[in-house]
Amino acid sequence: MLVVWCPDWPAVAAALAAGVPAHLPAAVFAANRVVACSAVARTAGVRRGMRRREAQSRCPELTVFATDEGRDARLFEPVAAAVEELVVGVEVVRPGLVAVPADGAAGYFGGEQALAELLLDQVSTRAGVECQIGIADGLFAATLAAHRSAIVDRGAAKEFLAPLGVHELDQPDADRAELVDLLRRLGLRTLGAFAALTERDVVSRFGHPGLLAHRLANGRVERPPHRRRPPPELSVPEEFDPPLDRVDAAAFMARTLAERFHAGLAAHGLACTRLGIYATTEHGQELSRVWRCAEPLTPQGIADRVRWQFEGWLRADERDRPTAGVVRLRLEPEETVEGRSLQLGLWRGGSPGMSGEQDEKAGRALVRVQGLLGPDSVFTAVLDGGRGPAERVRLVPWGDQRATTSPLDATWPGRLPEPSPATVLATPAPAKVRDASGEEVALTPRRRLTAPPAEVVLPGGGGPRPVLDWAGPWRVEPRWGGTGGCTRIQVLLAGEPELALLLTRTDEESPKWTVEGVYD
């Protein structure tokens with residue numbers, strides 16, 4: 001795979017749109033933080049993630065822009081077109097990054113090095129922007145190679161990636177910030193160290209997202225190819241009369257067309273990861289572009305890419321602009337994955353950054369309930385830091401800031417290992433824990449169990465239930481100058497069905513066992 005990367009593209013595109021000269025520092029901000037900055041701004045000390053006030057204090061002459069994905073996509077279309085004049089099979093990964101298969105073009109132009117040099121000159125001359133090129137096995141390795149202007153030998157992607165930091169996994173089109181932070185705290189600071197783990201260990205500790213990242217660290221593609229060709233009926237054609245020649249009309253059309261396209265795929269249990277957009281103008285001119293995505297596309301994602309592409313076509317320079325309006329449009333699923341890749345939760349993104357029309361409707365309904373019953377009538381649960389399972393969940397009124405008040409992954413003394421109980425009792429229920437001789441299990445002066453638990457008597461009768469297995473104890477010391485110390489154990493009880501419980505023994509004058517939580 002060959003990748004053409006235009007560094008700092010949001011800042012470059014914003015400066016081009018505003019007519020700001022390249023020698024002046026510029027930065028793009030979202031939520032008052034830097035998301036992209038020019039090389040001149042970086043020289044002055046501006047960095048991604050920096051607050052606006054700090055960035056302007058370091059570089060007072062900094063030109064400030066807001067994020068605009070439509071602008072970025074529209075101005076990137078000449079770059080994609082310039083690459084397409086030399087190489088077929090162009091796929092736009094995101095504005096600023098385009099990928100093409102390297103084999104055929106490299107053979108035609110006399111090798112990968114010659115192809116890279118030709119493309120550098122082509123993009124600079126045709127689009128008037130600077131770019132870097134990388135070639136490697138797979139899109140992820142090729143992207144990192146482009147960041148370093150490197151050509152990696154076939155089959156050597158794993159060795160190329162091994163010394164790079166794990167932060168490279170956190171790409172703009174695949175948010176892996178939490179995974180990267182966890183890997184660092186576990187001492188896995190390079191892609192090679194992460195790749196050395198077995199897939200079984202990765203899945204058990206990091207789940208399916210960790211497995212996908214592990215494949216990338218090993219120099220493999222994120223998803224195996226989906227060999228089944230999508231049925232022809234999954235394509236969504238549309239004709240326009242009068243011809244479509246305005247961006248606002250295209251944006252309105254894109255939403256309806258995206259819903260139809262996504263619904264057709266979902267009916268076959270599929271989701272799209274490479275979207276082909278094909279258009280025909282009134283004069284018979286054929287336009288096409290393929291968008292590649294790391295994650296399966298949602299209806300909103302499909303609509304955005306159709307709108308961005310139309311902006312690129314209809315607002316291009318006069319020499320590249322279509323000679324007439326678009327009369328036919330077709331959306332084609334160039335690559336699909338199984339539909340389970342797109343099983344999203346209702347509250348994806350939470351109240352501050354909800355995603356999708358259904359989430360927006362739900363958010364408006366909850367605000368309406370708050371208007372009728374008061375602001376404290378609707379809550380959302382936030383995972384927080386703490387030692388006990390009840391302490392780790394905080395209820396926040398709908399619409400309020402949901403940021404945690406304490407580090408989620410802090411080493412809390414006595415914190416239970418994962419997973420947490422599925423049900424946490426509001427009022428702990430009393431229980432009796434006995435050893436093999438029928439005596440109550442207590443604690444030694446060193447806060448250890450006096451004997452292994454053999455049976456547990458639960459409230460409501462039914463007799464004692466044998467203990468099949470148990471874990472612990474986990475000691476929770478009282479807070480400084482206060483009370484609240486306890487000891488927790490986990491038990492698996494025999495019966496129909498088997499029952500897994502979290503039991504707690506409090507530090508009181510008359511200590512007792514209680515049921516604090518129930519596991520699924």
# chains A, B, ... in the order shown; residues from 1 in each chain; ligands from 1
call {"tool": "residues_around", "arguments": {"residues": "Ala141 in chain A", "least_positions_apart": "3", "cutoff": "12 Å", "atoms": "only C-alpha atoms", "output": "PyMOL selection string"}}
result
chain A and resi 1-3+99+133-138+144-162+164+168-169+171+191+215-222
call {"tool": "closest_atom_pairs", "arguments": {"of": "range 423-449 of chain A", "to": "range 463-478 of chain A", "cutoff": "8 Å", "atoms": "only C-alpha atoms", "output": "JSON lines"}}
result
{"residue": "A:Arg447", "atom": "CA", "partner": "A:Arg475", "partner_atom": "CA", "distance": 7.5}
{"residue": "A:Arg448", "atom": "CA", "partner": "A:Pro473", "partner_atom": "CA", "distance": 7.2}
{"residue": "A:Leu449", "atom": "CA", "partner": "A:Pro473", "partner_atom": "CA", "distance": 7.5}
call {"tool": "select_by_dssp", "arguments": {"residues": "range 282-341 of chain A", "states": "helix (DSSP H, G or I)", "output": "PDB file with N, CA and C atoms, in the first residue's frame"}}
result
ATOM      1  N   PRO A 299     -25.020   5.860   9.283  1.00  0.00           N
ATOM      2  CA  PRO A 299     -25.715   6.707   8.303  1.00  0.00           C
ATOM      3  C   PRO A 299     -25.165   8.134   8.280  1.00  0.00           C
ATOM      4  N   GLN A 300     -24.841   8.689   9.456  1.00  0.00           N
ATOM      5  CA  GLN A 300     -24.293  10.031   9.493  1.00  0.00           C
ATOM      6  C   GLN A 300     -22.919  10.092   8.831  1.00  0.00           C
ATOM      7  N   GLY A 301     -22.094   9.052   9.055  1.00  0.00           N
ATOM      8  CA  GLY A 301     -20.784   9.006   8.417  1.00  0.00           C
ATOM      9  C   GLY A 301     -20.882   8.926   6.903  1.00  0.00           C
ATOM     10  N   ILE A 302     -21.851   8.153   6.402  1.00  0.00           N
ATOM     11  CA  ILE A 302     -22.064   8.055   4.957  1.00  0.00           C
ATOM     12  C   ILE A 302     -22.501   9.404   4.400  1.00  0.00           C
ATOM     13  N   ALA A 303     -23.468  10.042   5.079  1.00  0.00           N
ATOM     14  CA  ALA A 303     -23.967  11.340   4.611  1.00  0.00           C
ATOM     15  C   ALA A 303     -22.859  12.384   4.605  1.00  0.00           C
ATOM     16  N   ASP A 304     -22.007  12.378   5.625  1.00  0.00           N
ATOM     17  CA  ASP A 304     -20.906  13.343   5.688  1.00  0.00           C
ATOM     18  C   ASP A 304     -19.978  13.184   4.489  1.00  0.00           C
ATOM     19  N   ARG A 305     -19.626  11.943   4.166  1.00  0.00           N
ATOM     20  CA  ARG A 305     -18.673  11.725   3.074  1.00  0.00           C
ATOM     21  C   ARG A 305     -19.275  12.076   1.715  1.00  0.00           C
ATOM     22  N   VAL A 306     -20.566  11.804   1.539  1.00  0.00           N
ATOM     23  CA  VAL A 306     -21.211  12.217   0.289  1.00  0.00           C
ATOM     24  C   VAL A 306     -21.222  13.743   0.189  1.00  0.00           C
ATOM     25  N   ARG A 307     -21.548  14.417   1.281  1.00  0.00           N
ATOM     26  CA  ARG A 307     -21.568  15.885   1.276  1.00  0.00           C
ATOM     27  C   ARG A 307     -20.172  16.454   1.027  1.00  0.00           C
ATOM     28  N   TRP A 308     -19.162  15.899   1.725  1.00  0.00           N
ATOM     29  CA  TRP A 308     -17.789  16.379   1.524  1.00  0.00           C
ATOM     30  C   TRP A 308     -17.353  16.209   0.072  1.00  0.00           C
ATOM     31  N   GLN A 309     -17.724  15.046  -0.510  1.00  0.00           N
ATOM     32  CA  GLN A 309     -17.286  14.793  -1.878  1.00  0.00           C
ATOM     33  C   GLN A 309     -17.941  15.760  -2.851  1.00  0.00           C
ATOM     34  N   PHE A 310     -19.234  16.052  -2.630  1.00  0.00           N
ATOM     35  CA  PHE A 310     -19.896  17.009  -3.508  1.00  0.00           C
ATOM     36  C   PHE A 310     -19.290  18.401  -3.348  1.00  0.00           C
ATOM     37  N   GLU A 311     -18.907  18.771  -2.130  1.00  0.00           N
ATOM     38  CA  GLU A 311     -18.239  20.057  -1.951  1.00  0.00           C
ATOM     39  C   GLU A 311     -16.935  20.088  -2.740  1.00  0.00           C
ATOM     40  N   GLY A 312     -16.199  18.970  -2.699  1.00  0.00           N
ATOM     41  CA  GLY A 312     -14.953  18.907  -3.452  1.00  0.00           C
ATOM     42  C   GLY A 312     -15.169  19.033  -4.952  1.00  0.00           C
ATOM     43  N   TRP A 313     -16.242  18.395  -5.463  1.00  0.00           N
ATOM     44  CA  TRP A 313     -16.512  18.459  -6.894  1.00  0.00           C
ATOM     45  C   TRP A 313     -17.062  19.822  -7.323  1.00  0.00           C
ATOM     46  N   LEU A 314     -18.062  20.315  -6.602  1.00  0.00           N
ATOM     47  CA  LEU A 314     -18.785  21.505  -7.053  1.00  0.00           C
ATOM     48  C   LEU A 314     -18.062  22.807  -6.746  1.00  0.00           C
ATOM     49  N   GLY A 339     -22.193  -7.318  10.140  1.00  0.00           N
ATOM     50  CA  GLY A 339     -22.951  -6.266  10.796  1.00  0.00           C
ATOM     51  C   GLY A 339     -22.700  -6.141  12.273  1.00  0.00           C
ATOM     52  N   ARG A 340     -22.221  -7.220  12.944  1.00  0.00           N
ATOM     53  CA  ARG A 340     -21.991  -7.120  14.376  1.00  0.00           C
ATOM     54  C   ARG A 340     -20.892  -6.117  14.700  1.00  0.00           C
ATOM     55  N   SER A 341     -20.107  -5.723  13.691  1.00  0.00           N
ATOM     56  CA  SER A 341     -19.079  -4.717  13.927  1.00  0.00           C
ATOM     57  C   SER A 341     -19.691  -3.362  14.225  1.00  0.00           C
TER      58      SER A 341
END
call {"tool": "residues_around", "arguments": {"residues": "range 50-61 of chain A", "least_positions_apart": "6", "cutoff": "9 Å", "atoms": "only C-alpha atoms", "output": "list in words"}}
result
Leu24, Pro25, Ala26, Ala27, Phe29, Ala31, Asn32, Arg33, Val34, Val35, Ala41 and Ala44 of chain A
call {"tool": "write_last_selection", "arguments": {"atoms": "N, CA, C and O atoms", "output": "compact mmCIF listing (two decimals), in the first residue's frame"}}
result
# COMPACT_ATOMS: atom_id res chain seq x y z
N LEU A 24 3.10 32.32 7.85
CA LEU A 24 2.50 32.80 9.10
C LEU A 24 1.99 31.61 9.91
O LEU A 24 1.44 30.65 9.35
N PRO A 25 2.14 31.63 11.25
CA PRO A 25 1.68 30.51 12.08
C PRO A 25 0.16 30.44 12.12
O PRO A 25 -0.53 31.46 12.19
N ALA A 26 -0.37 29.21 12.06
CA ALA A 26 -1.82 29.00 12.08
C ALA A 26 -2.13 27.74 12.87
O ALA A 26 -1.31 26.80 12.92
N ALA A 27 -3.31 27.71 13.45
CA ALA A 27 -3.74 26.54 14.22
C ALA A 27 -5.25 26.42 14.14
O ALA A 27 -5.97 27.42 14.04
N PHE A 29 -8.64 24.98 16.11
CA PHE A 29 -9.07 24.69 17.47
C PHE A 29 -10.44 24.04 17.48
O PHE A 29 -11.31 24.35 16.66
N ALA A 31 -13.17 22.90 20.80
CA ALA A 31 -13.36 22.91 22.24
C ALA A 31 -12.21 23.63 22.94
O ALA A 31 -11.74 23.20 24.00
N ASN A 32 -11.73 24.71 22.30
CA ASN A 32 -10.70 25.57 22.88
C ASN A 32 -9.33 24.89 22.99
O ASN A 32 -8.48 25.33 23.76
N ARG A 33 -9.11 23.81 22.23
CA ARG A 33 -7.83 23.13 22.24
C ARG A 33 -7.33 22.95 20.81
O ARG A 33 -8.11 22.81 19.87
N VAL A 34 -6.02 22.92 20.67
CA VAL A 34 -5.39 22.78 19.35
C VAL A 34 -5.60 21.35 18.84
O VAL A 34 -5.27 20.38 19.52
N VAL A 35 -6.15 21.22 17.64
CA VAL A 35 -6.28 19.91 17.01
C VAL A 35 -5.29 19.77 15.85
O VAL A 35 -4.98 18.65 15.43
N ALA A 41 3.93 27.29 13.44
CA ALA A 41 3.38 27.40 14.80
C ALA A 41 4.08 26.43 15.74
O ALA A 41 4.33 26.76 16.91
N ALA A 44 7.24 27.72 17.11
CA ALA A 44 7.04 28.71 18.17
C ALA A 44 6.59 28.08 19.48
O ALA A 44 6.39 28.79 20.47
call {"tool": "closest_residue", "arguments": {"among": "A:Arg274, A:Arg255, A:Arg48, A:Arg446", "to": "Thr336 in chain A", "atoms": "only C-alpha atoms"}}
result
A:Arg274
call {"tool": "select_by_dssp", "arguments": {"residues": "range 51-198 of chain A", "states": "strand (DSSP E or B)", "output": "NGL selection string"}}
result
:A and (51 or 63-66 or 91-94 or 97-100 or 132-135 or 151 or 165 or 171 or 174 or 190)
call {"tool": "write_last_selection", "arguments": {"atoms": "C-alpha atoms", "output": "CSV table (one decimal), in the first residue's frame"}}
result
chain,number,residue,atom,x,y,z
A,51,ARG,CA,-5.3,25.3,25.3
A,63,THR,CA,-3.9,32.8,13.3
A,64,VAL,CA,-6.9,31.0,14.9
A,65,PHE,CA,-9.3,28.8,12.9
A,66,ALA,CA,-12.3,26.6,13.8
A,91,GLU,CA,-9.0,5.8,-1.7
A,92,VAL,CA,-9.4,8.8,0.5
A,93,VAL,CA,-8.9,7.6,4.1
A,94,ARG,CA,-9.6,11.1,5.5
A,97,LEU,CA,-4.5,11.1,3.7
A,98,VAL,CA,-4.9,9.1,0.5
A,99,ALA,CA,-4.0,5.5,-0.1
A,100,VAL,CA,-3.5,3.5,-3.4
A,132,GLN,CA,5.1,12.9,2.2
A,133,ILE,CA,4.9,9.3,0.9
A,134,GLY,CA,5.2,6.0,2.6
A,135,ILE,CA,5.0,2.4,1.2
A,151,ILE,CA,9.7,2.8,1.9
A,165,GLY,CA,5.8,4.0,20.4
A,171,GLN,CA,-4.9,7.4,14.9
A,174,ALA,CA,-9.7,5.2,15.3
A,190,THR,CA,6.6,0.1,22.0
call {"tool": "residues_around", "arguments": {"residues": "Cys131 in chain A", "least_positions_apart": "2", "cutoff": "8 Å", "atoms": "only C-alpha atoms", "output": "PDB file with N, CA, C and O atoms, in the first residue's frame"}}
result
ATOM      1  N   VAL A   4      -0.163   8.700   0.561  1.00  0.00           N
ATOM      2  CA  VAL A   4       0.230  10.096   0.375  1.00  0.00           C
ATOM      3  C   VAL A   4      -0.357  10.887   1.541  1.00  0.00           C
ATOM      4  O   VAL A   4      -1.575  10.917   1.720  1.00  0.00           O
ATOM      5  N   TRP A   5       0.519  11.508   2.324  1.00  0.00           N
ATOM      6  CA  TRP A   5       0.096  12.213   3.545  1.00  0.00           C
ATOM      7  C   TRP A   5       0.489  13.681   3.445  1.00  0.00           C
ATOM      8  O   TRP A   5       1.655  14.010   3.197  1.00  0.00           O
ATOM      9  N   CYS A   6      -0.480  14.555   3.642  1.00  0.00           N
ATOM     10  CA  CYS A   6      -0.231  15.994   3.700  1.00  0.00           C
ATOM     11  C   CYS A   6      -0.205  16.407   5.167  1.00  0.00           C
ATOM     12  O   CYS A   6      -1.260  16.437   5.811  1.00  0.00           O
ATOM     13  N   PRO A   7       0.964  16.704   5.726  1.00  0.00           N
ATOM     14  CA  PRO A   7       1.056  17.021   7.157  1.00  0.00           C
ATOM     15  C   PRO A   7       0.208  18.237   7.533  1.00  0.00           C
ATOM     16  O   PRO A   7       0.074  19.184   6.753  1.00  0.00           O
ATOM     17  N   LEU A 120       5.372  12.910  -5.581  1.00  0.00           N
ATOM     18  CA  LEU A 120       5.747  14.126  -4.856  1.00  0.00           C
ATOM     19  C   LEU A 120       5.704  15.333  -5.790  1.00  0.00           C
ATOM     20  O   LEU A 120       5.150  16.387  -5.446  1.00  0.00           O
ATOM     21  N   VAL A 123       1.868  16.076  -6.942  1.00  0.00           N
ATOM     22  CA  VAL A 123       1.025  16.750  -5.949  1.00  0.00           C
ATOM     23  C   VAL A 123       1.477  18.191  -5.756  1.00  0.00           C
ATOM     24  O   VAL A 123       0.656  19.113  -5.654  1.00  0.00           O
ATOM     25  N   SER A 124       2.787  18.408  -5.713  1.00  0.00           N
ATOM     26  CA  SER A 124       3.301  19.758  -5.540  1.00  0.00           C
ATOM     27  C   SER A 124       2.934  20.661  -6.716  1.00  0.00           C
ATOM     28  O   SER A 124       2.526  21.809  -6.531  1.00  0.00           O
ATOM     29  N   VAL A 129       0.561  21.820  -2.856  1.00  0.00           N
ATOM     30  CA  VAL A 129       0.793  21.555  -1.433  1.00  0.00           C
ATOM     31  C   VAL A 129       1.930  20.547  -1.298  1.00  0.00           C
ATOM     32  O   VAL A 129       2.235  19.803  -2.232  1.00  0.00           O
ATOM     33  N   ILE A 133       5.368  10.622   1.418  1.00  0.00           N
ATOM     34  CA  ILE A 133       4.894   9.345   0.882  1.00  0.00           C
ATOM     35  C   ILE A 133       5.553   8.200   1.641  1.00  0.00           C
ATOM     36  O   ILE A 133       6.748   8.246   1.956  1.00  0.00           O
TER      37      ILE A 133
END
